[in-house]
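> Here it is, the structure, as structure tokens.
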Amino acid sequence: MILRKIVQLSARSRSFARGGADRGVRMFSERSVVFNLEDSGKVGVVTLNKPGRLNAMTVSMGQDFETIMKEMPSTVKAVVITAEGRAFSAGGDLRFLEERANDTPINNAEEMMLFYKRYLSMRDLGVPLISAINGPAVGAGLGLAMATDIRISYNGCSFSFNYSRVGLHPGLATTLFTPMLIGYENAYRMLLTGDTINGTEAKKLGLISQCVEKKEQVLPEAIELASRIVAQPEAGVVTMLQTLRESQKVAHRNIEAVLRREADAQAQCYAAPELAEAVADAKAKLSAKGRVFRPTFSSRRH
């Protein structure tokens, strides 16, 4: 398999130090998602790797993401999801949104299901998933983090479900995981307003479980947590993870039904004029400044 060959080549060619210790093997790639091994191959680190576009989530990124998940080495017992650059993810890519606004509702519903499943393929691994949110997480980018089991970030980070500001329904099972984690009232507030909160408030709400002081501490903390988990007897970790995820299904809704509802709702929103107007406005503003589109993180704070 391609991924395993790259792992072997990278292991022979170069290792990189973190925190003064030679801890991991870096997988160098021009792809939009890259993969590292940590803790003697027991911890996998998957990195969104389009920093110039603030790691906006595209179809090609989803394909790379899914390929890495399908080719994950069997030695990996926990996975950390993180990002390169100043943002974790700015959410949906503008070009993708524009394509959807020009497509039919039927096609859009199917396209969104494919989009969701590529990124949610990480949940098929059957290992603990940890998000190291080392930069602003917006829209679908925050939704990706919500689909992991544990989230770590830092005080000055920003979080926003900005869907309502562009007239779009959430996807990636955001409507399942958000109320599950922070309760329905807080979910209503964040989803319906699109407001931005910082890491401190995210920790208070339960959106993240750990909040460190600095951005640079996030990934090392996440890897250290993953290493503590994989140090436990595997049978107990695997069966507990299965039980906890099954409990989520029993207490809430089946994720497949949620994704279908979200895909249908997003397809309706893509057909509405508000989304097309929001995309056109964003392009016009940036074109006037002679710049390419890059999503922003500006918003009200509270």
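Letters A, B, ... mark the chains of the structure tokens in the order given; residue numbers begin at 1 per chain; ligand numbers begin at 1, in order shown.
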Would you mind listing what lies within 12 Å of Val238 in chain A as a VMD selection string, with only C-alpha atoms counted and same-chain residues fewer than 2 positions away left out?

chain A and resid 77 to 78 125 to 129 229 to 230 232 to 236 240 to 245

> Just want the 8 Å neighbourhood of Phe159 in chain A, counted on only C-alpha atoms, with same-chain residues fewer than 2 positions away dropped. Output as a PDB file with N, CA, C and O atoms, in the first residue's frame.


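As a result, result_7.pdb now contains:
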ATOM      1  N   PRO A 136      -7.898  28.640  14.926  1.00  0.00           N
ATOM      2  CA  PRO A 136      -9.341  28.816  14.795  1.00  0.00           C
ATOM      3  C   PRO A 136     -10.015  27.657  14.069  1.00  0.00           C
ATOM      4  O   PRO A 136      -9.519  27.172  13.055  1.00  0.00           O
ATOM      5  N   ALA A 137     -11.145  27.236  14.612  1.00  0.00           N
ATOM      6  CA  ALA A 137     -11.936  26.158  14.026  1.00  0.00           C
ATOM      7  C   ALA A 137     -13.318  26.721  13.712  1.00  0.00           C
ATOM      8  O   ALA A 137     -14.040  27.151  14.609  1.00  0.00           O
ATOM      9  N   VAL A 138     -13.673  26.730  12.436  1.00  0.00           N
ATOM     10  CA  VAL A 138     -14.877  27.401  11.970  1.00  0.00           C
ATOM     11  C   VAL A 138     -15.719  26.450  11.126  1.00  0.00           C
ATOM     12  O   VAL A 138     -15.194  25.674  10.334  1.00  0.00           O
ATOM     13  N   LEU A 142     -14.815  23.036  12.643  1.00  0.00           N
ATOM     14  CA  LEU A 142     -15.204  22.737  14.024  1.00  0.00           C
ATOM     15  C   LEU A 142     -16.035  21.463  14.072  1.00  0.00           C
ATOM     16  O   LEU A 142     -15.905  20.661  15.009  1.00  0.00           O
ATOM     17  N   CYS A 157      -7.650  30.507  21.316  1.00  0.00           N
ATOM     18  CA  CYS A 157      -8.226  29.967  20.092  1.00  0.00           C
ATOM     19  C   CYS A 157      -9.646  30.496  19.910  1.00  0.00           C
ATOM     20  O   CYS A 157     -10.263  31.013  20.847  1.00  0.00           O
ATOM     21  N   PHE A 161     -19.516  28.114  14.821  1.00  0.00           N
ATOM     22  CA  PHE A 161     -20.357  27.451  13.832  1.00  0.00           C
ATOM     23  C   PHE A 161     -20.985  28.580  13.005  1.00  0.00           C
ATOM     24  O   PHE A 161     -22.077  29.052  13.325  1.00  0.00           O
ATOM     25  N   THR A 196     -18.769  33.659  17.883  1.00  0.00           N
ATOM     26  CA  THR A 196     -17.442  33.103  18.127  1.00  0.00           C
ATOM     27  C   THR A 196     -17.151  33.112  19.621  1.00  0.00           C
ATOM     28  O   THR A 196     -17.442  34.085  20.309  1.00  0.00           O
ATOM     29  N   ILE A 197     -16.596  32.020  20.115  1.00  0.00           N
ATOM     30  CA  ILE A 197     -16.148  31.953  21.503  1.00  0.00           C
ATOM     31  C   ILE A 197     -14.664  31.598  21.521  1.00  0.00           C
ATOM     32  O   ILE A 197     -14.128  31.082  20.544  1.00  0.00           O
ATOM     33  N   ASN A 198     -14.004  31.898  22.645  1.00  0.00           N
ATOM     34  CA  ASN A 198     -12.582  31.571  22.759  1.00  0.00           C
ATOM     35  C   ASN A 198     -12.401  30.233  23.484  1.00  0.00           C
ATOM     36  O   ASN A 198     -13.378  29.586  23.884  1.00  0.00           O
ATOM     37  N   GLY A 199     -11.162  29.835  23.649  1.00  0.00           N
ATOM     38  CA  GLY A 199     -10.881  28.545  24.257  1.00  0.00           C
ATOM     39  C   GLY A 199     -11.358  28.434  25.686  1.00  0.00           C
ATOM     40  O   GLY A 199     -11.823  27.377  26.119  1.00  0.00           O
ATOM     41  N   ALA A 202     -15.015  27.833  25.566  1.00  0.00           N
ATOM     42  CA  ALA A 202     -15.239  26.506  25.000  1.00  0.00           C
ATOM     43  C   ALA A 202     -15.032  25.417  26.050  1.00  0.00           C
ATOM     44  O   ALA A 202     -15.767  24.431  26.097  1.00  0.00           O
TER      45      ALA A 202
END

> Can you tell me, as number ranges by chain, what residues are no more than 9 Å from Lys70 in chain A when counting only C-alpha atoms, ignoring any on the same chain fewer than 5 positions away?

A: 65, 121-122, 124-125

> Write the residues of the selection above to a file with C-alpha atoms, as a CSV table (one decimal), in the first residue's frame.


chain,number,residue,atom,x,y,z
A,65,PHE,CA,-8.0,12.2,4.5
A,121,SER,CA,-14.1,7.8,7.9
A,122,MET,CA,-11.8,8.3,10.9
A,124,ASP,CA,-14.3,3.6,11.3
A,125,LEU,CA,-10.8,3.0,12.8

> Taking 4 positions as the minimum chain separation for residues in the same chain, which residues sit within 12 Å of range 182-188 of chain A when counting only C-alpha atoms? Answer as a list of chain:residue names.

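Counting only the stated atoms, we get A:Met146, A:Ser160, A:Phe161, A:Ser164, A:Pro170, A:Thr174, A:Thr175, A:Leu176, A:Phe177, A:Thr178, A:Leu192, A:Thr193, A:Gly194, A:Asp195, A:Ile197, A:Glu201, A:Ala202, A:Lys203, A:Lys204, A:Leu205, A:Gly206, A:Leu207, A:Ile208, A:Ser209, A:His252.
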
> Which residues of range 124-242 of chain A sit at most 9 Å from range 36-44 of chain A, using only C-alpha atoms? Give each one's shortest atom pair and distance in Å (one decimal place), in chain and ascending residue order, as a tab-separated table.


residue	atom	partner	partner_atom	distance
A:Ile223	CA	A:Val43	CA	7.4
A:Ala226	CA	A:Val43	CA	6.6
A:Ser227	CA	A:Asp39	CA	6.6
A:Val230	CA	A:Lys42	CA	6.9

> Could you give me the residues within range 8-179 of chain A that DSSP places in alpha helix (DSSP H), as a ChimeraX atom specification?

/A:8-13,59-70,94-101,105-120,140-146,174-179

> Need the shell around Gly171 in chain A: protein/DNA/RNA residues with any atom at most 10 Å away, counting only C-alpha atoms. Skip same-chain ones fewer than 6 positions apart. Format as a PyMOL selection string?

chain A and resi 112-113+115-116+139-140+143-144+163+258-266

> Extract, using only C-alpha atoms, all DNA, RNA and protein residues at most 8 Å from Leu219 in chain A, discarding same-chain residues fewer than 4 positions from it, and format them as a ChimeraX atom specification.

/A:82,132-134,223

> Would you mind exporting the chosen residues as a PDB file, in the first residue's frame, restricted to C-alpha atoms?


ATOM      1  CA  THR A  82      -4.379  18.577  13.917  1.00  0.00           C
ATOM      2  CA  ALA A 132      -5.450  19.053  18.696  1.00  0.00           C
ATOM      3  CA  ILE A 133      -7.168  22.317  17.778  1.00  0.00           C
ATOM      4  CA  ASN A 134      -4.143  24.533  17.311  1.00  0.00           C
ATOM      5  CA  ILE A 223       0.206  13.372  21.715  1.00  0.00           C
TER       6      ILE A 223
END

> Please identify all polymer residues within 10 Å of Thr200 in chain A, counting only C-alpha atoms, omitting same-chain residues fewer than 5 positions from it, and present them as a ChimeraX atom specification.

/A:153-158,205,208,210-213

> Which distance in Å separates CA of Gly62 in chain A and CA of Arg118 in chain A, to one decimal?

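Rounded to one decimal, the two atoms are 5.3 Å apart.
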
> Running DSSP on the backbone, which parts of range 160-290 of chain A land in strand (DSSP E), as a ChimeraX atom specification?

/A:160,196-198,210-212

> How far is it from CA of Leu97 in chain A to CA of Ala288 in chain A, in Å with one decimal?

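Interatomic distance here is 20.3 Å.
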
> Taking only C-alpha atoms into account, name the residue in A:Val45, A:Ala90, A:Met57, A:Ala173 that is nearest to Pro73 in chain A.

A:Val45

> For a test of reading the model, state the distance in Å between CA of Val166 in chain A and CA of Arg189 in chain A, rounded to one decimal.

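A separation of 16.2 Å between them.
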
> Find the residue from A:Met190, A:Ala56, A:Val33, A:Ile152 that sits nearest to Lys214 in chain A; use only C-alpha atoms when measuring.

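Comparing A:Met190, A:Ala56, A:Val33, A:Ile152 against Lys214 in chain A, the winner is A:Ile152.
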